[in-house]
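Shown next: data.cif, given as mmCIF, C-alpha atoms and all ligand atoms.
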data_final
#
loop_
_atom_site.label_atom_id
_atom_site.label_comp_id
_atom_site.auth_asym_id
_atom_site.auth_seq_id
_atom_site.Cartn_x
_atom_site.Cartn_y
_atom_site.Cartn_z
CA MET S 1 1.22 30.77 -13.78
CA CYS S 2 -1.10 27.87 -14.37
CA ASP S 3 -3.85 26.30 -12.26
CA ARG S 4 -5.37 22.91 -12.71
CA GLN S 5 -7.88 20.98 -10.70
CA VAL S 6 -9.43 17.52 -10.79
CA GLU S 7 -12.36 16.16 -8.81
CA LYS S 8 -13.00 12.49 -8.25
CA THR S 9 -15.97 10.89 -6.58
CA ILE S 10 -14.98 8.02 -4.30
CA ARG S 11 -17.61 5.32 -4.15
CA LEU S 12 -15.87 2.08 -5.20
CA GLN S 13 -12.48 0.45 -4.68
CA GLU S 14 -11.62 1.23 -8.29
CA ASP S 15 -12.04 4.91 -7.48
CA ILE S 16 -9.04 4.68 -5.13
CA ILE S 17 -6.84 3.70 -8.05
CA GLY S 18 -8.47 6.33 -10.26
CA ALA S 19 -7.91 9.12 -7.73
CA ARG S 20 -4.26 8.36 -7.12
CA GLN S 21 -3.67 8.00 -10.86
CA ALA S 22 -5.24 11.43 -11.39
CA GLY S 23 -2.98 12.84 -8.68
CA ARG S 24 0.10 11.29 -10.23
CA ASP S 25 -0.82 12.67 -13.66
CA LEU S 26 -1.39 16.17 -12.31
CA ALA S 27 1.84 16.04 -10.35
CA ARG S 28 3.82 14.88 -13.37
CA ALA S 29 2.32 17.62 -15.53
CA ALA S 30 3.31 20.17 -12.89
CA GLY S 31 6.91 18.99 -12.97
CA PHE S 32 7.06 16.88 -9.82
CA GLY S 33 9.64 14.11 -10.04
CA THR S 34 8.96 10.37 -9.82
CA VAL S 35 9.55 10.17 -6.09
CA ASP S 36 7.19 13.08 -5.38
CA GLN S 37 4.59 11.60 -7.76
CA THR S 38 4.73 8.37 -5.77
CA ARG S 39 4.51 10.21 -2.43
CA ILE S 40 1.47 12.11 -3.69
CA ALA S 41 -0.23 9.04 -5.18
CA THR S 42 0.34 7.08 -1.97
CA ALA S 43 -0.98 9.89 0.22
CA ILE S 44 -4.10 10.21 -1.96
CA SER S 45 -4.56 6.46 -1.71
CA GLU S 46 -4.52 6.68 2.10
CA LEU S 47 -6.96 9.59 2.24
CA VAL S 48 -9.53 8.29 -0.24
CA ARG S 49 -9.34 4.81 1.26
CA ASN S 50 -10.13 6.34 4.64
CA ALA S 51 -13.12 8.12 3.12
CA LEU S 52 -14.35 4.89 1.56
CA LEU S 53 -13.61 2.68 4.56
CA HIS S 54 -14.54 4.93 7.45
CA ALA S 55 -17.22 7.08 5.79
CA GLY S 56 -18.62 5.01 2.93
CA GLY S 57 -17.26 7.32 0.25
CA GLY S 58 -16.41 10.92 -0.42
CA LEU S 59 -14.97 13.46 -2.77
CA CYS S 60 -11.32 13.95 -3.69
CA ARG S 61 -10.15 17.28 -5.09
CA ILE S 62 -6.61 17.71 -6.32
CA ALA S 63 -5.46 21.20 -7.22
CA VAL S 64 -2.15 22.34 -8.63
CA GLU S 65 -0.80 25.84 -8.82
CA THR S 66 2.28 26.32 -10.91
CA THR S 67 4.40 29.45 -11.04
CA GLU S 68 7.80 29.92 -12.63
CA ALA S 69 9.58 29.21 -9.37
CA SER S 70 7.47 26.50 -7.79
CA ALA S 71 4.51 24.21 -7.89
CA THR S 72 2.02 23.55 -5.14
CA LEU S 73 -0.23 20.55 -5.10
CA GLN S 74 -3.11 20.34 -2.68
CA VAL S 75 -5.27 17.32 -1.98
CA THR S 76 -8.62 17.74 -0.27
CA VAL S 77 -10.71 14.74 0.60
CA SER S 78 -14.10 15.31 2.16
CA ASP S 79 -16.89 13.01 3.23
CA ASP S 80 -20.19 12.99 5.11
CA GLY S 81 -19.30 10.12 7.37
CA PRO S 82 -19.18 9.86 11.14
CA GLY S 83 -16.34 12.35 11.55
CA ILE S 84 -13.23 11.99 13.70
CA PRO S 85 -13.89 12.71 17.39
CA ASP S 86 -10.24 12.93 18.44
CA ILE S 87 -8.11 14.20 15.58
CA ALA S 88 -4.79 14.18 17.47
CA LEU S 89 -5.36 10.55 18.41
CA ALA S 90 -6.37 9.57 14.87
CA MET S 91 -3.13 11.04 13.50
CA GLN S 92 -0.96 9.04 15.87
CA PRO S 93 0.92 6.24 14.10
CA GLY S 94 -0.51 2.88 15.10
CA HIS S 95 -3.94 4.13 16.09
CA SER S 96 -6.74 2.39 14.20
CA THR S 97 -10.37 1.74 15.02
CA THR S 98 -10.64 -0.85 12.26
CA ARG S 99 -7.70 -3.24 12.76
CA GLY S 100 -5.65 -1.41 10.17
CA LEU S 101 -1.99 -0.58 10.68
CA GLY S 102 -3.16 2.86 11.72
CA LEU S 103 -0.42 4.34 9.60
CA GLY S 104 -2.53 6.09 6.97
CA LEU S 105 -2.81 9.58 8.40
CA SER S 106 0.69 9.74 9.85
CA ALA S 107 2.00 8.49 6.50
CA VAL S 108 0.14 11.28 4.69
CA ARG S 109 1.71 13.83 6.99
CA SER S 110 5.25 12.64 6.33
CA LEU S 111 4.71 12.03 2.61
CA MET S 112 3.07 15.37 1.88
CA GLY S 113 4.93 17.41 4.45
CA GLY S 114 1.74 18.56 6.10
CA LEU S 115 -1.78 17.55 7.01
CA SER S 116 -4.66 19.38 8.49
CA ILE S 117 -7.95 17.79 9.42
CA GLU S 118 -11.23 19.47 10.12
CA SER S 119 -14.03 17.35 11.40
CA ARG S 120 -17.36 17.46 13.06
CA PRO S 121 -19.85 14.63 13.40
CA GLY S 122 -21.42 13.92 10.05
CA ARG S 123 -18.77 15.86 8.23
CA THR S 124 -15.08 15.11 7.91
CA THR S 125 -12.79 17.20 5.81
CA VAL S 126 -9.16 16.40 5.27
CA VAL S 127 -6.96 19.00 3.74
CA THR S 128 -3.34 18.45 2.92
CA SER S 129 -0.88 20.37 0.86
CA MET S 130 2.57 20.13 -0.57
CA THR S 131 5.02 22.46 -2.25
CA ARG S 132 7.94 21.91 -4.51
CA ARG S 133 10.38 24.36 -5.97
CA ARG S 134 11.95 24.16 -9.39
CA MET H 1 -7.67 -8.30 -13.57
CA ARG H 2 -6.61 -11.70 -12.34
CA VAL H 3 -3.04 -12.25 -11.26
CA PRO H 4 -1.62 -15.56 -12.51
CA ILE H 5 0.36 -17.74 -10.11
CA LEU H 6 3.10 -19.89 -11.67
CA ARG H 7 4.88 -22.80 -10.10
CA LEU H 8 8.58 -23.53 -10.24
CA GLY H 9 8.96 -26.85 -8.47
CA ARG H 10 7.59 -26.16 -5.00
CA VAL H 11 7.95 -22.41 -5.28
CA LEU H 12 5.08 -20.17 -6.30
CA LEU H 13 5.85 -17.21 -8.51
CA THR H 14 3.50 -14.35 -9.00
CA SER H 15 4.01 -11.06 -10.78
CA ILE H 16 1.67 -8.23 -9.98
CA LEU H 17 1.75 -6.21 -13.17
CA ALA H 18 -0.44 -3.29 -12.15
CA ASP H 19 -2.00 -1.71 -9.08
CA LEU H 20 -4.67 -4.03 -7.67
CA THR H 21 -7.98 -3.15 -6.09
CA ASP H 22 -8.42 -4.36 -2.51
CA ASP H 23 -10.59 -7.29 -3.59
CA GLN H 24 -8.12 -8.34 -6.28
CA ALA H 25 -5.32 -8.26 -3.70
CA ILE H 26 -7.36 -10.31 -1.24
CA GLN H 27 -8.20 -12.83 -3.95
CA LEU H 28 -4.52 -13.23 -4.80
CA GLN H 29 -3.70 -13.67 -1.12
CA GLY H 30 -6.35 -16.39 -0.82
CA GLU H 31 -5.07 -18.27 -3.85
CA ILE H 32 -1.46 -18.21 -2.65
CA LEU H 33 -2.43 -19.34 0.84
CA ALA H 34 -4.61 -22.16 -0.53
CA LEU H 35 -1.71 -23.51 -2.57
CA VAL H 36 0.64 -23.46 0.43
CA ARG H 37 -2.01 -24.88 2.72
CA ASP H 38 -2.74 -27.81 0.41
CA ASP H 39 0.99 -28.52 0.57
CA ARG H 40 1.51 -27.86 -3.08
CA ALA H 41 4.18 -25.24 -2.40
CA ASP H 42 6.83 -24.36 0.17
CA GLY H 43 6.56 -20.65 -0.34
CA ALA H 44 5.94 -17.74 -2.65
CA VAL H 45 7.97 -15.11 -4.41
CA ILE H 46 5.83 -12.08 -5.07
CA ASP H 47 7.09 -9.73 -7.77
CA ILE H 48 5.71 -6.23 -7.38
CA SER H 49 7.74 -4.53 -10.10
CA GLY H 50 4.51 -3.40 -11.78
CA VAL H 51 3.09 -1.88 -8.60
CA GLU H 52 3.37 1.89 -8.39
CA VAL H 53 1.69 2.45 -5.04
CA VAL H 54 2.04 0.38 -1.89
CA ASP H 55 -0.11 2.08 0.73
CA SER H 56 -0.63 0.99 4.32
CA TYR H 57 -3.47 -1.32 3.30
CA MET H 58 -1.37 -3.13 0.70
CA ALA H 59 1.56 -3.27 3.13
CA ARG H 60 -0.65 -4.86 5.76
CA LEU H 61 -1.97 -7.41 3.27
CA LEU H 62 1.56 -8.36 2.19
CA ASN H 63 2.74 -8.67 5.81
CA GLU H 64 -0.28 -10.77 6.64
CA THR H 65 0.28 -13.06 3.65
CA ALA H 66 3.91 -13.61 4.61
CA ARG H 67 2.99 -14.27 8.23
CA MET H 68 0.32 -16.81 7.31
CA ILE H 69 2.63 -18.62 4.90
CA ARG H 70 5.19 -18.82 7.72
CA VAL H 71 2.60 -20.19 10.11
CA MET H 72 1.96 -22.95 7.61
CA GLY H 73 5.67 -23.74 7.52
CA GLY H 74 6.53 -21.88 4.33
CA GLU H 75 8.39 -18.71 3.45
CA ALA H 76 7.62 -15.63 1.39
CA VAL H 77 9.84 -13.15 -0.39
CA LEU H 78 8.93 -9.89 -2.07
CA CYS H 79 10.92 -8.77 -5.09
CA GLY H 80 11.15 -6.14 -7.79
CA MET H 81 10.05 -3.23 -5.65
CA GLN H 82 10.46 0.06 -7.52
CA PRO H 83 13.01 2.31 -5.80
CA PHE H 84 10.49 5.14 -5.37
CA VAL H 85 8.02 2.71 -3.78
CA ALA H 86 10.72 1.54 -1.38
CA LEU H 87 11.57 5.13 -0.46
CA THR H 88 7.91 5.96 0.12
CA LEU H 89 7.51 2.92 2.38
CA VAL H 90 10.49 3.97 4.47
CA GLU H 91 9.02 7.43 4.85
CA MET H 92 5.68 5.99 5.88
CA GLY H 93 7.20 4.35 8.91
CA ARG H 94 9.58 1.58 9.76
CA GLU H 95 6.91 -0.84 10.95
CA CYS H 96 5.22 -0.67 7.59
CA LEU H 97 6.58 -3.59 5.59
CA GLU H 98 8.09 -6.54 7.40
CA MET H 99 8.68 -8.87 4.46
CA ARG H 100 12.01 -10.14 3.20
CA THR H 101 12.83 -8.49 -0.10
CA ALA H 102 15.06 -9.34 -3.04
CA LEU H 103 16.09 -7.31 -6.06
CA ASP H 104 14.44 -9.38 -8.77
CA LEU H 105 12.56 -12.62 -9.38
CA GLU H 106 15.74 -14.65 -9.78
CA ALA H 107 17.26 -13.34 -6.56
CA GLY H 108 13.88 -13.81 -4.89
CA VAL H 109 13.73 -17.50 -5.79
CA GLU H 110 17.31 -17.97 -4.59
CA MET H 111 16.52 -16.24 -1.32
CA LEU H 112 13.41 -18.32 -0.79
CA LYS H 113 15.22 -21.60 -1.47
CA ALA H 114 18.13 -20.63 0.79
CA THR H 115 15.76 -19.67 3.60
CA ILE H 116 13.86 -22.93 3.32
CA ALA H 117 17.11 -24.95 3.16
CA ASP H 118 18.48 -23.18 6.24
CA ARG H 119 15.31 -23.84 8.11
CA ASP H 120 15.15 -27.49 7.07
CA ALA H 121 18.78 -27.99 8.10
CA GLY H 122 17.88 -26.95 11.59
CA ARG H 123 14.70 -28.95 11.60
CA PRO H 124 15.61 -32.46 12.89
CA ALA H 125 16.47 -31.21 16.34
CA ALA H 126 13.33 -29.11 16.53
CA LEU H 127 11.16 -32.01 15.39
CA VAL H 128 12.32 -34.61 17.91
CA PRO H 129 8.99 -35.62 19.38
CA PRO H 130 8.68 -35.14 23.11
CA SER H 131 8.98 -38.52 24.85
CA ALA H 132 5.40 -39.30 25.67
N1 LIG X 1 -12.58 9.99 6.78
C1 LIG X 1 -12.67 9.50 8.02
N2 LIG X 1 -13.87 9.45 8.67
C2 LIG X 1 -13.96 8.93 9.91
N3 LIG X 1 -12.92 8.44 10.61
C3 LIG X 1 -11.71 8.46 10.03
C4 LIG X 1 -11.51 8.98 8.70
N4 LIG X 1 -10.20 8.89 8.39
C5 LIG X 1 -9.60 8.33 9.46
N5 LIG X 1 -10.49 8.07 10.45
C6 LIG X 1 -10.20 7.50 11.78
O1 LIG X 1 -8.82 7.68 12.06
C7 LIG X 1 -8.21 6.43 12.33
C8 LIG X 1 -6.77 6.44 11.83
O2 LIG X 1 -6.74 6.53 10.41
P1 LIG X 1 -5.48 5.94 9.63
O3 LIG X 1 -5.70 6.12 8.18
O4 LIG X 1 -4.25 6.54 10.22
O5 LIG X 1 -5.49 4.40 10.03
P2 LIG X 1 -6.47 3.25 9.51
O6 LIG X 1 -7.27 3.73 8.35
O7 LIG X 1 -7.25 2.76 10.69
O8 LIG X 1 -5.47 2.11 9.07
P3 LIG X 1 -4.51 2.13 7.77
O9 LIG X 1 -4.70 3.43 7.07
O10 LIG X 1 -3.11 1.97 8.29
O11 LIG X 1 -4.93 0.96 6.94
C9 LIG X 1 -9.10 5.39 11.67
O12 LIG X 1 -8.99 4.12 12.28
C10 LIG X 1 -10.48 6.02 11.85
O13 LIG X 1 -10.98 5.75 13.13
MG MG X 2 -6.33 4.61 6.72
#
Turn the structure described in the file into structure tokens.
Ligand SMILES: Nc1ncnc2c1ncn2[C@@H]1O[C@H](COP(=O)(O)OP(=O)(O)OP(=O)(O)O)[C@@H](O)[C@H]1O
Ligand SMILES: [Mg+2]
Amino acid sequence: MCDRQVEKTIRLQEDIIGARQAGRDLARAAGFGTVDQTRIATAISELVRNALLHAGGGLCRIAVETTEASATLQVTVSDDGPGIPDIALAMQPGHSTTRGLGLGLSAVRSLMGGLSIESRPGRTTVVTSMTRRR
Amino acid sequence: MRVPILRLGRVLLTSILADLTDDQAIQLQGEILALVRDDRADGAVIDISGVEVVDSYMARLLNETARMIRVMGGEAVLCGMQPFVALTLVEMGRECLEMRTALDLEAGVEMLKATIADRDAGRPAALVPPSA
């Protein structure tokens, strides 16, 4: 049994690359394969970019729990931005308020196998988790 | 980090060797488009073998670059995509990346030249000016 956690402040574009690199490193250390590492890094990229783009920045926490049988990696990105008024709508593929592809959140859901969003005005929290067995 | 753009005849070659920030990616897009616009190239082969993450932002930028090159009469081909990046893109959604892709730089250049040749072969008919 082994727990590890990393926190990254998201304020600049470079922080997007830093956060997803940190996620990839943690995932690799926990025994996730290359494909899962890429899924995780891409999902983190989407979430922290949303925090930067839609909320001006935020905090990215990546936590791994490893047991003999499995490893769980959880990504939590939070920000103090405007919040998401209609979460179901925001998660729909193709929906974007900023001329993006609108694929970020739906991509996170399929890449990580789950996504839950909590939001109220002035406070958006995105929690997502993923499990892998060994 | 600045991404160098090489020229092979009228084909632009660029290899992205590491993940780019958004601004770096936009700068590269601008430089490629300027070269095509000034008629110094017929198209671009973009090698992304060094890129480990293509997220929806990067996918949109690549699509947009290809579309704008096409509008200016050129073509664009993506090559060298890592298999795990390709898999991730598929999982993110079909609409994600709409660019033509080749296995490596060499195949990319061949594909670009073939596409341009095909298009040019069909051009005379399309370019007959309307009788004014
Ligand atoms: N952290 C956030 N704070 C406020 N609004 C958000 C946040 N994250 C997402 N949203 C809202 O949800 C919408 C959908 O997000 P999603 O990531 O799916 O698409 P996008 O960011 O618009 O485009 P893409 O990610 O494809 O470049 C956004 O357009 C935005 O309105
Ligand atoms: Mg997004």
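Distances here use all atoms listed in the file; by that measure, the residue among S:Ile117, S:Ala51, S:Val108, S:Val75 closest to chain H is S:Val108.
Across the model, the gap from CA of Arg20 in chain S to CA of Cys60 in chain S is 9.6 Å.
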Taking a cut-off of 9 Å and counting only C-alpha atoms and all ligand atoms, can you build a table that, for each residue of chain H near ligand LIG 1 (chain X), reports the nearest atom pair and how far apart they are in Å (one decimal), sorted by chain then residue number, as a Markdown table?
| residue | atom | partner | partner_atom | distance |
| --- | --- | --- | --- | --- |
| H:Asp55 | CA | X:LIG1 | O11 | 7.9 |
| H:Ser56 | CA | X:LIG1 | O10 | 4.8 |
| H:Tyr57 | CA | X:LIG1 | O11 | 4.5 |
| H:Met58 | CA | X:LIG1 | O11 | 8.3 |
| H:Ala59 | CA | X:LIG1 | O11 | 8.6 |
| H:Arg60 | CA | X:LIG1 | O11 | 7.3 |
| H:Cys96 | CA | X:LIG1 | O10 | 8.8 |
If we count all atoms listed in the file and set the cut-off at 12 Å, which residues sit around Ala86 in chain H, ignoring sequence neighbours fewer than 3 positions away in its own chain? Please answer as a PDB file with C-alpha atoms, in the frame of the given file.
ATOM      1  CA  VAL S  35       9.550  10.170  -6.090  1.00  0.00           C
ATOM      2  CA  THR S  38       4.730   8.370  -5.770  1.00  0.00           C
ATOM      3  CA  ARG S  39       4.510  10.210  -2.430  1.00  0.00           C
ATOM      4  CA  THR S  42       0.340   7.080  -1.970  1.00  0.00           C
TER       5      THR S  42
ATOM      6  CA  ILE H  48       5.710  -6.230  -7.380  1.00  0.00           C
ATOM      7  CA  SER H  49       7.740  -4.530 -10.100  1.00  0.00           C
ATOM      8  CA  VAL H  51       3.090  -1.880  -8.600  1.00  0.00           C
ATOM      9  CA  GLU H  52       3.370   1.890  -8.390  1.00  0.00           C
ATOM     10  CA  VAL H  53       1.690   2.450  -5.040  1.00  0.00           C
ATOM     11  CA  VAL H  54       2.040   0.380  -1.890  1.00  0.00           C
ATOM     12  CA  ASP H  55      -0.110   2.080   0.730  1.00  0.00           C
ATOM     13  CA  ALA H  59       1.560  -3.270   3.130  1.00  0.00           C
ATOM     14  CA  LEU H  78       8.930  -9.890  -2.070  1.00  0.00           C
ATOM     15  CA  CYS H  79      10.920  -8.770  -5.090  1.00  0.00           C
ATOM     16  CA  GLY H  80      11.150  -6.140  -7.790  1.00  0.00           C
ATOM     17  CA  MET H  81      10.050  -3.230  -5.650  1.00  0.00           C
ATOM     18  CA  GLN H  82      10.460   0.060  -7.520  1.00  0.00           C
ATOM     19  CA  PRO H  83      13.010   2.310  -5.800  1.00  0.00           C
ATOM     20  CA  LEU H  89       7.510   2.920   2.380  1.00  0.00           C
ATOM     21  CA  VAL H  90      10.490   3.970   4.470  1.00  0.00           C
ATOM     22  CA  GLU H  91       9.020   7.430   4.850  1.00  0.00           C
ATOM     23  CA  MET H  92       5.680   5.990   5.880  1.00  0.00           C
ATOM     24  CA  GLY H  93       7.200   4.350   8.910  1.00  0.00           C
ATOM     25  CA  ARG H  94       9.580   1.580   9.760  1.00  0.00           C
ATOM     26  CA  CYS H  96       5.220  -0.670   7.590  1.00  0.00           C
ATOM     27  CA  LEU H  97       6.580  -3.590   5.590  1.00  0.00           C
ATOM     28  CA  THR H 101      12.830  -8.490  -0.100  1.00  0.00           C
ATOM     29  CA  ALA H 102      15.060  -9.340  -3.040  1.00  0.00           C
ATOM     30  CA  LEU H 103      16.090  -7.310  -6.060  1.00  0.00           C
TER      31      LEU H 103
END
- Message: Quick check: residues of chain S within 8 Å of chain H, all atoms listed in the file, returned as a PyMOL selection string.
- Response: chain S and resi 13-14+16-17+34-35+38-39+41-43+45-46+100-101+103-104+106-108+110-111
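Across the structure, CA of Gly102 in chain S and CA of Leu33 in chain H are spaced 24.7 Å apart.
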- Atom pair CA of Val77 in chain H / CA of Gly18 in chain S: separation (Å): 28.5 Å
Step by step, gather every atom of range 33-46 of chain H that the file lists, find the box along x, y and z that holds them, add 3 Å on each side, and finally give centre and edge lengths in Å to one decimal, as lines of an AutoDock Vina configuration file.
center_x = 1.7
center_y = -20.3
center_z = -1.2
size_x = 18.6
size_y = 22.4
size_z = 13.8
- Task: Considering all atoms listed in the file, return as number ranges by chain whatever protein or nucleic-acid residues lie within 7 Å of Ile40 in chain S, sequence-local ones (same chain, fewer than 5 positions apart) excluded.
- Result: S: 23-24, 112
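All residues of protein, DNA or RNA that reach within 9 Å of Val127 in chain S, judged by all atoms listed in the file and not counting those fewer than 2 positions away in the chain, are Gln74, Val75, Thr76, Val77, Ser78, Leu115, Ser116, Ile117, Glu118, Thr125 and Ser129 of chain S.
Closest approach to ligand MG 2 (chain X) from the set S:Pro121, S:Thr131, S:Pro82, S:Arg49 is made by S:Arg49, with distances taken over all atoms listed in the file.
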- Which residues come within 8 Å of range 108-123 of chain H, counting all atoms listed in the file, excluding same-chain residues fewer than 2 positions away, as a ChimeraX atom specification? /H:11,42-45,74-79,101-106,125-127
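Across S:Asn50, S:Ala27, S:Gly33, S:Gly94, the tightest approach to ligand MG 2 (chain X) is made by S:Asn50 when counting all atoms listed in the file.
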- Task: Between S:Thr72, S:Ser119, S:Thr9, S:Thr128, single out the one closest to Ala29 in chain S, counting only C-alpha atoms.
- Result: S:Thr72
May I ask you to restore N, CA, C and O atoms in range 17-32 of chain H and write the result as an mmCIF file, in the frame of the given file?
data_model
loop_
_atom_site.group_PDB
_atom_site.id
_atom_site.type_symbol
_atom_site.label_atom_id
_atom_site.label_comp_id
_atom_site.auth_asym_id
_atom_site.auth_seq_id
_atom_site.Cartn_x
_atom_site.Cartn_y
_atom_site.Cartn_z
ATOM 1 N N LEU H 17 1.309 -7.068 -12.060
ATOM 2 C CA LEU H 17 1.750 -6.210 -13.170
ATOM 3 C C LEU H 17 1.147 -4.819 -13.131
ATOM 4 O O LEU H 17 1.541 -3.942 -13.877
ATOM 5 N N ALA H 18 0.175 -4.608 -12.250
ATOM 6 C CA ALA H 18 -0.440 -3.290 -12.150
ATOM 7 C C ALA H 18 -1.023 -3.149 -10.750
ATOM 8 O O ALA H 18 -1.130 -4.127 -10.020
ATOM 9 N N ASP H 19 -1.381 -1.926 -10.384
ATOM 10 C CA ASP H 19 -2.000 -1.710 -9.080
ATOM 11 C C ASP H 19 -3.296 -2.512 -8.981
ATOM 12 O O ASP H 19 -4.113 -2.495 -9.896
ATOM 13 N N LEU H 20 -3.492 -3.201 -7.869
ATOM 14 C CA LEU H 20 -4.670 -4.030 -7.670
ATOM 15 C C LEU H 20 -5.697 -3.305 -6.813
ATOM 16 O O LEU H 20 -5.341 -2.513 -5.952
ATOM 17 N N THR H 21 -6.966 -3.621 -7.040
ATOM 18 C CA THR H 21 -7.980 -3.150 -6.090
ATOM 19 C C THR H 21 -7.858 -4.026 -4.841
ATOM 20 O O THR H 21 -7.214 -5.076 -4.860
ATOM 21 N N ASP H 22 -8.495 -3.604 -3.764
ATOM 22 C CA ASP H 22 -8.420 -4.360 -2.510
ATOM 23 C C ASP H 22 -8.915 -5.786 -2.687
ATOM 24 O O ASP H 22 -8.302 -6.731 -2.205
ATOM 25 N N ASP H 23 -10.028 -5.948 -3.396
ATOM 26 C CA ASP H 23 -10.590 -7.290 -3.590
ATOM 27 C C ASP H 23 -9.670 -8.168 -4.424
ATOM 28 O O ASP H 23 -9.518 -9.359 -4.139
ATOM 29 N N GLN H 24 -9.052 -7.564 -5.450
ATOM 30 C CA GLN H 24 -8.120 -8.340 -6.280
ATOM 31 C C GLN H 24 -6.934 -8.789 -5.435
ATOM 32 O O GLN H 24 -6.457 -9.922 -5.566
ATOM 33 N N ALA H 25 -6.464 -7.922 -4.553
ATOM 34 C CA ALA H 25 -5.320 -8.260 -3.700
ATOM 35 C C ALA H 25 -5.703 -9.370 -2.723
ATOM 36 O O ALA H 25 -4.925 -10.298 -2.488
ATOM 37 N N ILE H 26 -6.912 -9.289 -2.183
ATOM 38 C CA ILE H 26 -7.360 -10.310 -1.240
ATOM 39 C C ILE H 26 -7.540 -11.657 -1.947
ATOM 40 O O ILE H 26 -7.206 -12.709 -1.413
ATOM 41 N N GLN H 27 -8.024 -11.601 -3.193
ATOM 42 C CA GLN H 27 -8.200 -12.830 -3.950
ATOM 43 C C GLN H 27 -6.849 -13.512 -4.206
ATOM 44 O O GLN H 27 -6.696 -14.724 -4.025
ATOM 45 N N LEU H 28 -5.864 -12.697 -4.565
ATOM 46 C CA LEU H 28 -4.520 -13.230 -4.800
ATOM 47 C C LEU H 28 -3.971 -13.851 -3.525
ATOM 48 O O LEU H 28 -3.417 -14.948 -3.531
ATOM 49 N N GLN H 29 -4.152 -13.150 -2.399
ATOM 50 C CA GLN H 29 -3.700 -13.670 -1.120
ATOM 51 C C GLN H 29 -4.321 -15.039 -0.844
ATOM 52 O O GLN H 29 -3.637 -15.991 -0.477
ATOM 53 N N GLY H 30 -5.634 -15.142 -1.069
ATOM 54 C CA GLY H 30 -6.350 -16.390 -0.820
ATOM 55 C C GLY H 30 -5.829 -17.530 -1.681
ATOM 56 O O GLY H 30 -5.669 -18.658 -1.211
ATOM 57 N N GLU H 31 -5.540 -17.224 -2.938
ATOM 58 C CA GLU H 31 -5.070 -18.270 -3.850
ATOM 59 C C GLU H 31 -3.681 -18.761 -3.461
ATOM 60 O O GLU H 31 -3.405 -19.958 -3.475
ATOM 61 N N ILE H 32 -2.814 -17.826 -3.076
ATOM 62 C CA ILE H 32 -1.460 -18.210 -2.650
ATOM 63 C C ILE H 32 -1.540 -19.075 -1.392
ATOM 64 O O ILE H 32 -0.948 -20.150 -1.301
#
